[in-house]
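Q: Dropping in start08.json, which is JSON, C-alpha atoms and all ligand atoms:
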[["chain", "number", "residue", "atom", "x", "y", "z"],
["A", 134, "MET", "CA", 114.96, 85.97, 134.36],
["A", 135, "SER", "CA", 116.43, 87.27, 131.11],
["A", 136, "THR", "CA", 119.93, 88.74, 131.24],
["A", 137, "PRO", "CA", 119.74, 92.46, 132.04],
["A", 138, "ARG", "CA", 120.88, 94.74, 129.26],
["A", 139, "LYS", "CA", 124.18, 96.57, 129.54],
["A", 140, "VAL", "CA", 124.07, 100.01, 131.14],
["A", 141, "THR", "CA", 125.50, 102.56, 128.70],
["A", 142, "LYS", "CA", 123.10, 105.49, 129.16],
["A", 143, "ALA", "CA", 122.98, 108.05, 131.94],
["A", 144, "ILE", "CA", 120.54, 110.79, 132.81],
["A", 145, "ILE", "CA", 121.98, 113.91, 134.40],
["A", 146, "PRO", "CA", 119.29, 116.17, 135.88],
["A", 147, "ALA", "CA", 120.59, 119.72, 135.47],
["A", 148, "ALA", "CA", 117.50, 121.91, 135.37],
["A", 149, "GLY", "CA", 117.66, 123.18, 138.98],
["A", 150, "LEU", "CA", 117.73, 126.91, 139.68],
["A", 151, "GLY", "CA", 120.67, 126.86, 142.08],
["A", 152, "THR", "CA", 119.02, 129.32, 144.48],
["A", 153, "ARG", "CA", 121.50, 128.47, 147.25],
["A", 154, "PHE", "CA", 124.28, 129.98, 145.14],
["A", 155, "LEU", "CA", 122.61, 133.25, 144.17],
["A", 156, "PRO", "CA", 123.76, 135.72, 142.94],
["A", 157, "ALA", "CA", 126.44, 133.52, 141.23],
["A", 158, "THR", "CA", 123.70, 131.45, 139.57],
["A", 159, "LYS", "CA", 121.60, 134.40, 138.42],
["A", 160, "ALA", "CA", 122.92, 134.15, 134.86],
["A", 161, "MET", "CA", 125.03, 131.00, 135.09],
["A", 162, "PRO", "CA", 123.91, 127.37, 135.55],
["A", 163, "LYS", "CA", 124.89, 125.99, 138.95],
["A", 164, "GLU", "CA", 126.28, 122.94, 137.14],
["A", 165, "MET", "CA", 128.90, 125.27, 135.64],
["A", 166, "LEU", "CA", 130.25, 126.38, 139.04],
["A", 167, "THR", "CA", 133.86, 125.31, 139.07],
["A", 168, "VAL", "CA", 135.67, 123.09, 141.51],
["A", 169, "VAL", "CA", 139.25, 124.26, 140.86],
["A", 170, "ASN", "CA", 139.21, 124.51, 137.04],
["A", 171, "LYS", "CA", 136.39, 122.16, 136.04],
["A", 172, "PRO", "CA", 132.63, 122.72, 136.19],
["A", 173, "ILE", "CA", 130.92, 120.31, 138.58],
["A", 174, "ILE", "CA", 128.96, 118.64, 135.75],
["A", 175, "GLN", "CA", 132.23, 117.62, 134.11],
["A", 176, "TYR", "CA", 133.21, 115.61, 137.19],
["A", 177, "ALA", "CA", 129.97, 113.62, 136.80],
["A", 178, "ILE", "CA", 130.51, 113.06, 133.06],
["A", 179, "GLU", "CA", 134.10, 111.85, 133.61],
["A", 180, "GLU", "CA", 133.05, 109.48, 136.39],
["A", 181, "ALA", "CA", 130.22, 108.03, 134.28],
["A", 182, "TYR", "CA", 132.38, 107.70, 131.14],
["A", 183, "GLU", "CA", 134.98, 105.81, 133.17],
["A", 184, "ALA", "CA", 132.18, 103.47, 134.35],
["A", 185, "GLY", "CA", 131.25, 102.66, 130.72],
["A", 186, "ILE", "CA", 128.52, 105.22, 130.01],
["A", 187, "ARG", "CA", 128.56, 106.49, 126.43],
["A", 188, "GLU", "CA", 125.21, 108.25, 126.02],
["A", 189, "PHE", "CA", 124.47, 111.21, 128.26],
["A", 190, "ILE", "CA", 120.98, 112.63, 128.57],
["A", 191, "ILE", "CA", 121.15, 116.07, 130.15],
["A", 192, "ILE", "CA", 117.88, 117.36, 131.55],
["A", 193, "THR", "CA", 118.24, 121.06, 131.17],
["A", 194, "GLY", "CA", 116.24, 124.25, 131.56],
["A", 195, "ARG", "CA", 116.15, 127.94, 130.66],
["A", 196, "GLY", "CA", 119.44, 129.83, 130.75],
["A", 197, "LYS", "CA", 121.64, 126.74, 130.64],
["A", 198, "VAL", "CA", 123.11, 127.07, 127.15],
["A", 199, "SER", "CA", 126.67, 127.52, 128.45],
["A", 200, "MET", "CA", 126.51, 123.89, 129.62],
["A", 201, "GLU", "CA", 125.88, 122.75, 126.03],
["A", 202, "ASN", "CA", 128.67, 124.98, 124.76],
["A", 203, "HIS", "CA", 131.06, 123.52, 127.32],
["A", 204, "PHE", "CA", 130.72, 120.01, 125.88],
["A", 205, "ASP", "CA", 130.76, 121.19, 122.28],
["A", 206, "TYR", "CA", 133.91, 121.43, 120.13],
["A", 207, "PRO", "CA", 134.99, 125.11, 120.17],
["A", 208, "TYR", "CA", 136.47, 125.39, 116.71],
["A", 209, "GLU", "CA", 137.76, 128.99, 117.02],
["A", 210, "LEU", "CA", 139.36, 128.44, 120.44],
["A", 211, "ALA", "CA", 140.94, 125.14, 119.35],
["A", 212, "ASP", "CA", 142.30, 126.74, 116.19],
["A", 213, "THR", "CA", 143.79, 129.68, 118.12],
["A", 214, "LEU", "CA", 145.42, 127.39, 120.71],
["A", 215, "LEU", "CA", 146.90, 125.25, 117.93],
["A", 216, "LYS", "CA", 148.32, 128.29, 116.11],
["A", 217, "LYS", "CA", 149.87, 129.50, 119.39],
["A", 218, "ASN", "CA", 151.27, 126.02, 120.01],
["A", 219, "LYS", "CA", 149.43, 125.83, 123.36],
["A", 220, "LEU", "CA", 149.06, 122.08, 123.07],
["A", 221, "ALA", "CA", 148.39, 121.25, 126.74],
["A", 222, "GLU", "CA", 145.52, 123.76, 126.80],
["A", 223, "LEU", "CA", 144.26, 122.39, 123.47],
["A", 224, "GLU", "CA", 144.11, 118.88, 124.97],
["A", 225, "MET", "CA", 142.06, 120.21, 127.91],
["A", 226, "VAL", "CA", 139.58, 121.83, 125.55],
["A", 227, "LYS", "CA", 139.28, 118.68, 123.42],
["A", 228, "ASN", "CA", 138.97, 116.34, 126.40],
["A", 229, "THR", "CA", 135.83, 117.80, 127.91],
["A", 230, "LEU", "CA", 134.01, 115.08, 125.97],
["A", 231, "PRO", "CA", 135.61, 111.92, 124.52],
["A", 232, "SER", "CA", 134.85, 111.42, 120.82],
["A", 233, "ASP", "CA", 132.76, 108.26, 121.34],
["A", 234, "ALA", "CA", 130.42, 109.92, 123.86],
["A", 235, "ARG", "CA", 127.04, 111.27, 122.73],
["A", 236, "MET", "CA", 125.16, 114.09, 124.43],
["A", 237, "TYR", "CA", 121.40, 114.60, 124.28],
["A", 238, "TYR", "CA", 119.76, 117.66, 125.77],
["A", 239, "THR", "CA", 116.13, 117.86, 126.70],
["A", 240, "ARG", "CA", 114.33, 120.51, 128.71],
["A", 241, "GLN", "CA", 112.28, 119.84, 131.81],
["A", 242, "GLY", "CA", 110.09, 122.88, 131.22],
["A", 243, "GLU", "CA", 108.42, 123.01, 134.63],
["A", 244, "PRO", "CA", 110.19, 122.33, 137.95],
["A", 245, "LEU", "CA", 108.00, 119.39, 138.98],
["A", 246, "GLY", "CA", 110.63, 117.44, 140.93],
["A", 247, "LEU", "CA", 113.56, 115.05, 140.48],
["A", 248, "GLY", "CA", 111.27, 112.16, 139.45],
["A", 249, "HIS", "CA", 109.79, 114.27, 136.67],
["A", 250, "ALA", "CA", 113.26, 115.43, 135.56],
["A", 251, "VAL", "CA", 114.39, 111.80, 135.22],
["A", 252, "TRP", "CA", 111.17, 110.87, 133.38],
["A", 253, "CYS", "CA", 111.92, 113.60, 130.80],
["A", 254, "GLY", "CA", 114.70, 111.30, 129.51],
["A", 255, "HIS", "CA", 112.35, 108.34, 128.86],
["A", 256, "THR", "CA", 112.16, 108.62, 125.08],
["A", 257, "ILE", "CA", 115.95, 108.30, 124.91],
["A", 258, "THR", "CA", 116.37, 105.50, 127.48],
["A", 259, "GLY", "CA", 113.52, 103.48, 125.88],
["A", 260, "ASP", "CA", 113.60, 99.90, 127.21],
["A", 261, "ASP", "CA", 117.17, 100.17, 128.47],
["A", 262, "PRO", "CA", 118.38, 100.43, 132.06],
["A", 263, "PHE", "CA", 120.12, 103.68, 132.84],
["A", 264, "ALA", "CA", 122.28, 105.42, 135.42],
["A", 265, "VAL", "CA", 121.31, 108.69, 137.07],
["A", 266, "LEU", "CA", 123.99, 111.07, 138.36],
["A", 267, "LEU", "CA", 123.08, 114.16, 140.35],
["A", 268, "PRO", "CA", 125.88, 116.59, 139.49],
["A", 269, "ASP", "CA", 125.63, 118.39, 142.87],
["A", 270, "ASP", "CA", 127.16, 115.30, 144.41],
["A", 271, "VAL", "CA", 130.82, 115.23, 143.42],
["A", 272, "VAL", "CA", 132.08, 111.71, 144.11],
["A", 273, "CYS", "CA", 135.84, 111.15, 144.20],
["A", 274, "ARG", "CA", 137.24, 108.06, 142.57],
["A", 275, "GLY", "CA", 140.04, 106.30, 144.33],
["A", 276, "LYS", "CA", 141.14, 102.90, 143.07],
["A", 277, "ASN", "CA", 137.56, 101.93, 142.39],
["A", 278, "ASN", "CA", 134.75, 103.72, 140.62],
["A", 279, "GLY", "CA", 131.58, 103.21, 142.68],
["A", 280, "LEU", "CA", 129.28, 103.69, 139.70],
["A", 281, "ALA", "CA", 131.16, 100.99, 137.76],
["A", 282, "GLU", "CA", 130.65, 98.64, 140.73],
["A", 283, "MET", "CA", 126.93, 99.46, 140.78],
["A", 284, "ILE", "CA", 126.63, 98.76, 137.04],
["A", 285, "LYS", "CA", 128.33, 95.41, 137.60],
["A", 286, "MET", "CA", 125.86, 94.62, 140.40],
["A", 287, "TYR", "CA", 122.90, 95.52, 138.17],
["A", 288, "GLU", "CA", 124.19, 93.45, 135.26],
["A", 289, "GLU", "CA", 124.73, 90.46, 137.58],
["A", 290, "THR", "CA", 121.39, 90.59, 139.44],
["A", 291, "GLY", "CA", 118.94, 92.63, 137.34],
["A", 292, "LYS", "CA", 118.12, 94.62, 140.50],
["A", 293, "SER", "CA", 118.37, 98.39, 140.57],
["A", 294, "VAL", "CA", 121.13, 99.82, 142.75],
["A", 295, "VAL", "CA", 121.55, 103.07, 144.69],
["A", 296, "MET", "CA", 124.72, 104.46, 146.16],
["A", 297, "CYS", "CA", 124.30, 105.12, 149.86],
["A", 298, "GLU", "CA", 126.18, 106.07, 152.97],
["A", 299, "GLU", "CA", 125.48, 106.30, 156.69],
["A", 300, "VAL", "CA", 124.31, 109.80, 157.53],
["A", 301, "PRO", "CA", 124.27, 111.51, 160.92],
["A", 302, "GLN", "CA", 120.91, 111.64, 162.70],
["A", 303, "ASP", "CA", 120.53, 115.39, 162.20],
["A", 304, "ARG", "CA", 121.01, 115.05, 158.39],
["A", 305, "VAL", "CA", 118.54, 112.18, 157.82],
["A", 306, "SER", "CA", 115.78, 114.61, 156.78],
["A", 307, "ASN", "CA", 117.93, 115.80, 153.84],
["A", 308, "TYR", "CA", 118.09, 112.41, 152.12],
["A", 309, "GLY", "CA", 116.11, 109.60, 150.61],
["A", 310, "ILE", "CA", 116.44, 106.95, 153.35],
["A", 311, "LEU", "CA", 116.70, 103.20, 152.79],
["A", 312, "LYS", "CA", 114.43, 100.61, 154.40],
["A", 313, "LEU", "CA", 116.68, 97.64, 154.84],
["A", 314, "ALA", "CA", 115.46, 94.15, 153.99],
["A", 315, "GLU", "CA", 117.92, 92.63, 156.46],
["A", 316, "GLN", "CA", 120.13, 93.91, 159.24],
["A", 317, "GLY", "CA", 123.65, 94.94, 158.40],
["A", 318, "ALA", "CA", 125.74, 95.17, 155.30],
["A", 319, "LYS", "CA", 127.37, 92.34, 153.39],
["A", 320, "GLY", "CA", 130.65, 93.96, 152.38],
["A", 321, "SER", "CA", 129.62, 96.96, 150.41],
["A", 322, "ARG", "CA", 126.13, 95.62, 149.60],
["A", 323, "LEU", "CA", 122.77, 96.07, 151.27],
["A", 324, "SER", "CA", 119.49, 94.39, 150.45],
["A", 325, "VAL", "CA", 116.80, 97.07, 150.34],
["A", 326, "ASN", "CA", 113.02, 96.77, 150.39],
["A", 327, "GLY", "CA", 111.95, 100.37, 150.35],
["A", 328, "PHE", "CA", 112.73, 104.06, 150.53],
["A", 329, "VAL", "CA", 111.33, 107.13, 152.27],
["A", 330, "GLU", "CA", 112.07, 110.61, 150.97],
["A", 331, "LYS", "CA", 113.47, 112.97, 153.63],
["A", 332, "PRO", "CA", 111.78, 111.54, 156.74],
["A", 333, "LYS", "CA", 111.92, 113.14, 160.18],
["A", 334, "ALA", "CA", 114.83, 111.66, 162.14],
["A", 335, "GLU", "CA", 112.49, 109.87, 164.56],
["A", 336, "GLU", "CA", 110.56, 108.26, 161.68],
["A", 337, "ALA", "CA", 113.55, 107.21, 159.56],
["A", 338, "PRO", "CA", 113.68, 103.47, 158.82],
["A", 339, "SER", "CA", 117.53, 103.45, 158.89],
["A", 340, "ASN", "CA", 120.47, 105.84, 158.86],
["A", 341, "TYR", "CA", 121.52, 104.95, 155.30],
["A", 342, "GLY", "CA", 120.91, 107.84, 152.92],
["A", 343, "VAL", "CA", 120.83, 107.82, 149.12],
["A", 344, "VAL", "CA", 123.77, 109.61, 147.51],
["A", 345, "GLY", "CA", 123.17, 110.99, 143.99],
["A", 346, "ARG", "CA", 124.16, 107.88, 142.00],
["A", 347, "TYR", "CA", 121.60, 105.35, 140.78],
["A", 348, "VAL", "CA", 121.45, 102.44, 138.31],
["A", 349, "LEU", "CA", 117.80, 101.93, 137.46],
["A", 350, "SER", "CA", 115.79, 99.29, 135.65],
["A", 351, "PRO", "CA", 113.68, 100.48, 132.69],
["A", 352, "ALA", "CA", 110.48, 99.86, 134.73],
["A", 353, "HIS", "CA", 111.15, 103.10, 136.64],
["A", 354, "MET", "CA", 110.06, 105.17, 133.65],
["A", 355, "LYS", "CA", 106.58, 103.55, 133.58],
["A", 356, "VAL", "CA", 106.14, 104.14, 137.32],
["A", 357, "LEU", "CA", 107.32, 107.75, 137.05],
["A", 358, "GLU", "CA", 104.62, 108.35, 134.45],
["A", 359, "THR", "CA", 101.86, 107.79, 137.00],
["A", 360, "VAL", "CA", 103.44, 108.32, 140.44],
["A", 361, "LYS", "CA", 101.61, 110.99, 142.48],
["A", 362, "PRO", "CA", 103.42, 114.08, 143.79],
["A", 363, "GLY", "CA", 105.02, 113.29, 147.15],
["A", 364, "LYS", "CA", 107.25, 115.22, 149.57],
["A", 365, "GLY", "CA", 107.08, 118.98, 148.93],
["A", 366, "GLY", "CA", 104.33, 118.45, 146.31],
["A", 367, "GLU", "CA", 107.00, 117.24, 143.85],
["A", 368, "ILE", "CA", 107.23, 114.08, 141.77],
["A", 369, "GLN", "CA", 109.87, 112.22, 143.74],
["A", 370, "LEU", "CA", 112.26, 109.68, 142.23],
["A", 371, "THR", "CA", 112.36, 108.04, 145.68],
["A", 372, "ASP", "CA", 108.61, 107.23, 145.52],
["A", 373, "ALA", "CA", 109.04, 105.44, 142.17],
["A", 374, "MET", "CA", 112.02, 103.56, 143.62],
["A", 375, "ALA", "CA", 109.91, 102.44, 146.60],
["A", 376, "GLU", "CA", 107.31, 100.99, 144.21],
["A", 377, "ILE", "CA", 109.97, 99.17, 142.20],
["A", 378, "ALA", "CA", 111.63, 97.85, 145.39],
["A", 379, "ALA", "CA", 108.34, 96.12, 146.25],
["A", 380, "THR", "CA", 108.12, 94.38, 142.86],
["A", 381, "GLU", "CA", 111.70, 93.86, 141.63],
["A", 382, "GLY", "CA", 113.81, 94.17, 144.82],
["A", 383, "TYR", "CA", 116.63, 96.67, 145.17],
["A", 384, "SER", "CA", 120.26, 96.85, 146.25],
["A", 385, "GLY", "CA", 122.27, 99.48, 148.08],
["A", 386, "TYR", "CA", 125.95, 100.01, 147.35],
["A", 387, "ILE", "CA", 127.80, 101.51, 150.30],
["A", 388, "SER", "CA", 130.22, 104.02, 148.92],
["A", 389, "THR", "CA", 133.74, 104.11, 150.25],
["A", 390, "ASN", "CA", 134.54, 107.11, 148.06],
["A", 391, "ARG", "CA", 134.64, 110.59, 149.48],
["A", 392, "ARG", "CA", 131.67, 112.67, 148.36],
["A", 393, "PHE", "CA", 131.06, 116.39, 148.43],
["A", 394, "ASP", "CA", 127.59, 117.92, 148.44],
["A", 395, "CYS", "CA", 128.31, 120.81, 146.09],
["A", 396, "GLY", "CA", 124.68, 121.92, 146.27],
["A", 397, "ASP", "CA", 125.66, 123.35, 149.63],
["A", 398, "LYS", "CA", 128.15, 126.19, 150.13],
["A", 399, "VAL", "CA", 130.18, 124.31, 152.75],
["A", 400, "GLY", "CA", 130.45, 121.11, 150.69],
["A", 401, "PHE", "CA", 131.36, 123.20, 147.64],
["A", 402, "GLN", "CA", 134.22, 124.94, 149.48],
["A", 403, "MET", "CA", 135.45, 121.60, 150.83],
["A", 404, "ALA", "CA", 135.46, 120.13, 147.32],
["A", 405, "ASN", "CA", 137.51, 123.07, 146.07],
["A", 406, "LEU", "CA", 140.06, 122.65, 148.85],
["A", 407, "TYR", "CA", 140.21, 118.87, 148.39],
["A", 408, "PHE", "CA", 140.80, 118.97, 144.64],
["A", 409, "ALA", "CA", 143.14, 121.97, 144.93],
["A", 410, "MET", "CA", 145.31, 120.01, 147.38],
["A", 411, "LYS", "CA", 145.51, 117.18, 144.81],
["A", 412, "ASP", "CA", 147.26, 119.53, 142.39],
["A", 413, "PRO", "CA", 150.95, 119.80, 143.37],
["A", 414, "TYR", "CA", 151.28, 123.28, 141.82],
["A", 415, "ILE", "CA", 148.42, 124.65, 143.96],
["A", 416, "ALA", "CA", 149.13, 122.51, 147.05],
["A", 417, "GLU", "CA", 152.64, 123.88, 147.45],
["A", 418, "ARG", "CA", 151.31, 127.42, 147.88],
["A", 419, "LEU", "CA", 147.96, 126.60, 149.45],
["A", 420, "GLN", "CA", 149.23, 124.43, 152.31],
["A", 421, "PRO", "CA", 151.23, 127.24, 154.04],
["A", 422, "PHE", "CA", 148.23, 129.55, 153.62],
["A", 423, "LEU", "CA", 145.90, 126.97, 155.21],
["A", 424, "ASN", "CA", 148.31, 126.52, 158.12],
["A", 425, "GLU", "CA", 148.39, 130.29, 158.60],
["A", 426, "MET", "CA", 144.58, 130.46, 158.55],
["A", 427, "ALA", "CA", 144.31, 127.60, 161.07],
["A", 428, "THR", "CA", 146.71, 129.37, 163.44],
["A", 429, "GLU", "CA", 144.74, 132.61, 163.13],
["A", 430, "ALA", "CA", 141.46, 130.78, 163.75],
["A", 431, "ALA", "CA", 142.90, 129.04, 166.82],
["A", 432, "LYS", "CA", 143.94, 132.46, 168.23],
["A", 433, "VAL", "CA", 140.44, 133.86, 167.68],
["A", 434, "CYS", "CA", 138.90, 130.80, 169.43],
["A", 435, "LYS", "CA", 141.08, 131.35, 172.51],
["A", 436, "MET", "CA", 140.06, 135.00, 172.81],
["I", 1, "LIG", "C1", 117.83, 114.32, 146.10],
["I", 1, "LIG", "C2", 116.93, 113.11, 146.35],
["I", 1, "LIG", "C3", 117.29, 112.45, 147.69],
["I", 1, "LIG", "C4", 118.77, 112.07, 147.70],
["I", 1, "LIG", "C5", 119.63, 113.33, 147.40],
["I", 1, "LIG", "C6", 121.11, 112.96, 147.25],
["I", 1, "LIG", "O1", 117.52, 115.33, 147.04],
["I", 1, "LIG", "O2", 115.57, 113.53, 146.34],
["I", 1, "LIG", "O3", 116.51, 111.28, 147.85],
["I", 1, "LIG", "O4", 119.12, 111.50, 148.93],
["I", 1, "LIG", "O5", 119.21, 113.97, 146.19],
["I", 1, "LIG", "O6", 121.89, 114.09, 147.06],
["I", 1, "LIG", "P1", 118.02, 116.87, 146.87],
["I", 1, "LIG", "O7", 119.41, 116.91, 147.41],
["I", 1, "LIG", "O8", 117.93, 117.17, 145.41],
["I", 1, "LIG", "O9", 117.06, 117.67, 147.69]]
What would the structure in this file look like if it were written as structure tokens?

A:
Amino acid sequence: MSTPRKVTKAIIPAAGLGTRFLPATKAMPKEMLTVVNKPIIQYAIEEAYEAGIREFIIITGRGKVSMENHFDYPYELADTLLKKNKLAELEMVKNTLPSDARMYYTRQGEPLGLGHAVWCGHTITGDDPFAVLLPDDVVCRGKNNGLAEMIKMYEETGKSVVMCEEVPQDRVSNYGILKLAEQGAKGSRLSVNGFVEKPKAEEAPSNYGVVGRYVLSPAHMKVLETVKPGKGGEIQLTDAMAEIAATEGYSGYISTNRRFDCGDKVGFQMANLYFAMKDPYIAERLQPFLNEMATEAAKVCKM
């Protein structure tokens, strides 16, 4: 087998309507919802950049221009901040995108599913492997960056890799579920021979669910071109992955990093609290408030 190419490109599907966050997302992209002071898409870009990604392909849709503006250089704002000597703020504005990163924007047009959204990036990925990051999933980085580990696995083996975690039985039908090639995990790695998109709990082949981080071989784009609509009548990325698993094999990377599902109101609030508590300035004031709230809630429960 020839040595797999390096993974330096990532597709970020960002065309979704964000209906679960209406009315906030009526005129604002859901990817621009902020966790503390950063839009959720910026967390994904920072994580991918740290893992070695330099070309970002954003799959966008109508009404999402503020996302493009966010990663652009705001000349007037930068100039004003400089004149006012607000240098820390100026750094923040400049750092939304490192200077050696490239952004490409392409529109999905019709909401035909995640598989179709990913396929929309095919002219830019060409014959190269690529990462996919779903910005709704905010993945924390501790000492290790899970995506960087997955890229290393791909470059060593030539097999595509998905991030996964064990999910409770009642949440299985919300995820792409792994069919394991062998029982049990070897460290953080699983050998995978298939996938099923959002099965009923009783039909699920395992309790490992796909989290929104993927490192995919270029062959996925060819399969996505012809794959038939699946679950929900949509072109599913999971169905293309199942086809590739049968021909090229596949790996699962079990994440040890905390992850927040920011596509869901509860996960989004948790992410805000988690990142707020990481900021000493906020934590000092927030902690007493949280304690107070917990005491109040405990009183209500006893009543
Ligand atoms: C998508 C994928 C699913 C995956 C999930 C991870 O579903 O289709 O396979 O497990 O992302 O977040 P969605 O959450 O967009 O419905």

Q: Using all atoms listed in the file, find the one residue out of A:Leu155, A:Val272, A:Val295, A:Leu370 that sits nearest to ligand LIG 1 (chain I).

A: A:Leu370

Q: Could you tell me which of A:Ala160, A:Val305, A:Met403, A:Ile192 comes closest to ligand LIG 1 (chain I) if we count all atoms listed in the file?

A: A:Val305

Q: Could you write out as AutoDock Vina command-line options the box around ligand LIG 1 (chain I) (axis-aligned, all atoms listed in the file, 8 Å on each side), with centre and edge lengths in Å to one decimal?

A:
--center_x 118.7 --center_y 114.5 --center_z 147.2 --size_x 22.3 --size_y 22.4 --size_z 19.5

Q: For CA of Ile368 (chain A) and CA of Ala250 (chain A), quote the distance in Å rounded to one decimal.

A: 8.8 Å

Q: Given the choices A:Arg346, A:Thr229, A:Arg235, A:Gly396, which gets closest to Asn307 (chain A) if the distance is worked out from all atoms listed in the file?

A: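 Once distances to Asn307 (chain A) are computed over all atoms listed in the file, the minimum belongs to A:Gly396.
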